[in-house]
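Working notes for the structure below.
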Amino acid sequence: MTVESVKPATAEASERGELREPPLAGGRVPVLGHGWRLARDPLAFMSRLRAHGDMVRLRLGPKEVYAVTTPELTGALALNPDFAIAGPLWESLEGLLGREGVATANGPRHRRQRRTIQPAFNLSAIPGYGPVMAEEAHALTERWQPGSTVDCTSESFRVAVRIAARCLLRGEYMDERAERLSVDLASVFRGMYRRMVVPLGPLYRLPLPANREFNRALADLHLLVDEIVAERRASGQKPDDLLTALLDATDENGDPIGEQEIHDQVVAILTPGSETVASTIMWLLQVLAEHPEHAEKIRAEVESVTGGRPVGFEHVRQLAHTNNVVVEAMRLRPAVWILTRRAKADTELGGYRIPAGADIVYSPYAIQRDPHSYARHLDFDPGRWLPERAGEVPKYAMSPFSVGNRKCPSDHFSMAQLSLITAALCARYRFEQVAGSDDTTRVGITLRPHRLLLTPVPW
């Protein structure tokens, strides 16, 4: 069944007044509802929901939300204008992203903001970032000495932040700021996840150690953004980058956009993008250590394409296996594992009645590991993305950058840097985990290994 087949069927059901109410999932506990299970083992919980239906109801504290479990309905949800960016996830992120940035805005404001930032991410703009991406990727390989222990969390954040800052904000934001961002984001995203699944607002205002650490990290993130904007204004410079576009942007009335919107837009550039790219780099390194045969295949591919020269942006399109390794890593370990929407009016989805104001939640992690969609669904198999096999994957069963008007504008930018970093690293090293490494999944708003420690070993 496709999204296209869902729509007429549900319209017909609506005309007959036959819309159903989704079943209530089992396993809830008093007061916390299903939030307790979401907090304890969220990935397993979301992955099991499809067994109860293509849509089920959940209780998160006092709130009732609807969970969508199939690719067809997640695609229909993302493309349906009756559902807006809102809900528990976005409410938990407001302290970081604000209400005026492209990540959280809806309607005309969102469309205007997309028009402002989109040129920086157009396919025609990406090659201009190639030299910076290549420079940072090769600098990473130079910092990693053979036989040393690499802390993949700090190193992944450092390269992700430096590429974003140098390409999009044209700033020489050196290691100290990348380290600050890495440490702050770890605390902020962990705290935001707790606030999403267990929405007990007053408790989070108590002066408990976890709350104090969350507030400190959040304040430092916003201070970092203020420093970046203030430095650009003071410089008087207007390089052709995304920050200049924001400082020159106007609103619907032709007036300059406000300081808060500029702040929120820079936050949206630096923080979620750095968090998701860095998390994906960590998972790629974990995969390469666990599957050295793919690291060797990437090394051979790079050698074949470049003829032994340093790999550069101009080679990325030819690195078919490297790109497939990146995609398969994102399938099994998506950085963004949970998303939410909110119904703007009484509506329906998949033949189910959705009341106005209802929150909808779905998990890309569960969708992309669903045995209904993937043969050997838990195997790491980059070959499933070969042209002759990719057609076997159902529509919307793999949407790491979302779809529709909420599709991540930086999808090509992110894929280019991920493939280039992977190629540069594998051209020089294979990887082994060392004592003290913990590659189990740390669940927050995003997914990443708890503490991945690797040793680079020359070929």
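Order determines the names: the first chain of the structure tokens is A, the second B, and so forth; residues in each chain are numbered 1 upward, and ligands are numbered 1 upward as they are shown.
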
* Pick out the residues sitting within 7 Å of stretch 63-69 of chain A, and hand them over as a PyMOL selection string; count only C-alpha atoms, and ignore anything fewer than 3 positions along from it in its own chain. => chain A and resi 49-50+54-60+73-74+358-362+367

Deliver the residues from the most recent selection as a file, using C-alpha atoms, as an mmCIF file, in the first residue's frame.
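Written file, again-v4.cif:
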```cif
data_model
loop_
_atom_site.group_PDB
_atom_site.id
_atom_site.type_symbol
_atom_site.label_atom_id
_atom_site.label_comp_id
_atom_site.auth_asym_id
_atom_site.auth_seq_id
_atom_site.Cartn_x
_atom_site.Cartn_y
_atom_site.Cartn_z
ATOM 1 C CA LEU A 49 4.290 -0.633 18.467
ATOM 2 C CA ARG A 50 3.637 -1.780 14.891
ATOM 3 C CA ASP A 54 -0.465 1.124 12.030
ATOM 4 C CA MET A 55 -1.508 3.764 14.568
ATOM 5 C CA VAL A 56 -1.889 3.521 18.364
ATOM 6 C CA ARG A 57 -2.573 5.911 21.241
ATOM 7 C CA LEU A 58 -0.001 6.586 23.964
ATOM 8 C CA ARG A 59 -0.214 8.386 27.299
ATOM 9 C CA LEU A 60 2.768 10.580 28.203
ATOM 10 C CA LEU A 73 1.410 6.741 7.203
ATOM 11 C CA THR A 74 4.610 8.553 8.148
ATOM 12 C CA ALA A 358 -3.702 16.038 18.907
ATOM 13 C CA ASP A 359 0.020 15.236 18.893
ATOM 14 C CA ILE A 360 1.391 12.605 16.506
ATOM 15 C CA VAL A 361 4.701 10.847 17.150
ATOM 16 C CA TYR A 362 6.713 8.502 14.953
ATOM 17 C CA ILE A 367 10.485 2.587 10.561
#
```

* Long-range neighbours of A:Ala219 as a ChimeraX atom specification, 12 Å cut-off, only C-alpha atoms, 4 positions minimum in chain -> /A:95-96,180-181,184-185,187-188,212-215,223-226

* Please identify which residues in stretch 211-328 of chain A DSSP calls helix (DSSP H, G or I) from the backbone, and express them as number ranges by chain. => A: 211-235, 242-248, 259-290, 292-306, 313-318, 320-328

* Looking at only C-alpha atoms, which of A:Arg115, A:Gln433, A:Gly26, A:Pro127 is the one that sits closest to A:Glu290? ->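 Closest to A:Glu290, using only C-alpha atoms: A:Gln433.
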
* **Exercise: A:Ala289 partners within 10 Å, only C-alpha atoms, chain neighbours under 2 positions left out, as a ChimeraX atom specification** => /A:283-287,291-295,430-433,454-456

Grab the residues selected above and save them as a tab-separated table (two decimals), in the first residue's frame with N, CA and C atoms.
```tsv
chain	number	residue	atom	x	y	z
A	283	TRP	N	28.59	6.96	14.57
A	283	TRP	CA	28.06	5.66	14.17
A	283	TRP	C	28.83	5.08	12.99
A	284	LEU	N	29.27	5.94	12.06
A	284	LEU	CA	30.08	5.45	10.95
A	284	LEU	C	31.39	4.86	11.46
A	285	LEU	N	32.02	5.51	12.43
A	285	LEU	CA	33.26	4.97	12.99
A	285	LEU	C	33.01	3.65	13.72
A	286	GLN	N	31.90	3.57	14.43
A	286	GLN	CA	31.57	2.31	15.10
A	286	GLN	C	31.37	1.19	14.09
A	287	VAL	N	30.67	1.50	12.99
A	287	VAL	CA	30.42	0.52	11.94
A	287	VAL	C	31.73	0.07	11.30
A	291	HIS	N	32.98	-3.62	11.22
A	291	HIS	CA	33.00	-4.27	9.90
A	291	HIS	C	34.23	-3.80	9.12
A	292	PRO	N	35.41	-4.26	9.49
A	292	PRO	CA	36.63	-3.80	8.81
A	292	PRO	C	36.65	-4.12	7.33
A	293	GLU	N	35.86	-5.11	6.91
A	293	GLU	CA	35.82	-5.42	5.48
A	293	GLU	C	35.27	-4.26	4.67
A	294	HIS	N	34.36	-3.47	5.26
A	294	HIS	CA	33.84	-2.31	4.55
A	294	HIS	C	34.84	-1.16	4.57
A	295	ALA	N	35.60	-1.03	5.65
A	295	ALA	CA	36.67	-0.02	5.66
A	295	ALA	C	37.68	-0.33	4.57
A	430	ARG	N	42.37	1.71	9.33
A	430	ARG	CA	41.27	0.90	9.82
A	430	ARG	C	41.16	1.20	11.31
A	431	PHE	N	40.09	0.74	11.97
A	431	PHE	CA	39.82	1.18	13.34
A	431	PHE	C	39.52	0.00	14.25
A	432	GLU	N	40.00	0.12	15.48
A	432	GLU	CA	39.74	-0.89	16.50
A	432	GLU	C	39.27	-0.20	17.77
A	433	GLN	N	38.25	-0.79	18.42
A	433	GLN	CA	37.84	-0.27	19.72
A	433	GLN	C	38.87	-0.66	20.78
A	454	LEU	N	38.43	4.72	19.92
A	454	LEU	CA	39.03	3.92	18.85
A	454	LEU	C	40.52	4.18	18.74
A	455	THR	N	41.21	3.18	18.20
A	455	THR	CA	42.60	3.34	17.81
A	455	THR	C	42.68	3.26	16.28
A	456	PRO	N	43.25	4.29	15.62
A	456	PRO	CA	43.47	4.21	14.19
A	456	PRO	C	44.71	3.38	13.88
```

* **Expected answer as an NGL selection string: strand (DSSP E or B) residues in stretch 195-417 of chain A** => :A and (250 or 256 or 336 or 339-343 or 347-349 or 352-354 or 359-362)

With C-alpha atoms retained, export the selected residues as a PDB file, in the first residue's frame.
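result04.pdb, freshly written:
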```pdb
ATOM      1  CA  THR A 250      13.668  41.217   5.614  1.00  0.00           C
ATOM      2  CA  PRO A 256      14.813  43.790   8.726  1.00  0.00           C
ATOM      3  CA  VAL A 336      17.059  11.770  14.754  1.00  0.00           C
ATOM      4  CA  LEU A 339       9.651  13.215  15.476  1.00  0.00           C
ATOM      5  CA  THR A 340       6.290  14.802  16.282  1.00  0.00           C
ATOM      6  CA  ARG A 341       3.520  16.747  14.553  1.00  0.00           C
ATOM      7  CA  ARG A 342       0.264  18.365  15.738  1.00  0.00           C
ATOM      8  CA  ALA A 343      -3.160  18.358  14.075  1.00  0.00           C
ATOM      9  CA  THR A 347      -8.774  15.581  10.491  1.00  0.00           C
ATOM     10  CA  GLU A 348      -7.983  11.976   9.658  1.00  0.00           C
ATOM     11  CA  LEU A 349      -4.977   9.848   8.848  1.00  0.00           C
ATOM     12  CA  TYR A 352      -8.329   7.126  11.934  1.00  0.00           C
ATOM     13  CA  ARG A 353     -10.028  10.136  13.475  1.00  0.00           C
ATOM     14  CA  ILE A 354      -7.507  12.743  14.680  1.00  0.00           C
ATOM     15  CA  ASP A 359       0.020  15.236  18.893  1.00  0.00           C
ATOM     16  CA  ILE A 360       1.391  12.605  16.506  1.00  0.00           C
ATOM     17  CA  VAL A 361       4.701  10.847  17.150  1.00  0.00           C
ATOM     18  CA  TYR A 362       6.713   8.502  14.953  1.00  0.00           C
TER      19      TYR A 362
END
```

* Rounded to one decimal in Å, what is the spacing between atom CA of A:Asp438 and atom CA of A:Val327? ->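 So the answer is 22.9 Å.
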
* Could you name the residues that touch A:Leu386 at 8 Å or less, counting only C-alpha atoms, but leaving out those on the same chain fewer than 4 positions away, as a list in words? ->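 In the requested form, the answer reads Asn324, Pro382 and Ala390 of chain A.
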
* Would you mind listing what lies within 12 Å of A:Ile281 as number ranges by chain, with only C-alpha atoms counted and same-chain residues fewer than 3 positions away left out? => A: 137, 152-160, 274-278, 284-288, 325-327, 329-330, 333-335, 414-415, 417-423, 425, 447-449, 452

* For A:Pro62, the nearest of the candidates A:Gly35, A:Gly147, A:Pro394, A:Pro202, counting only C-alpha atoms ->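 Counting only C-alpha atoms, the residue closest to A:Pro62 is A:Gly35.
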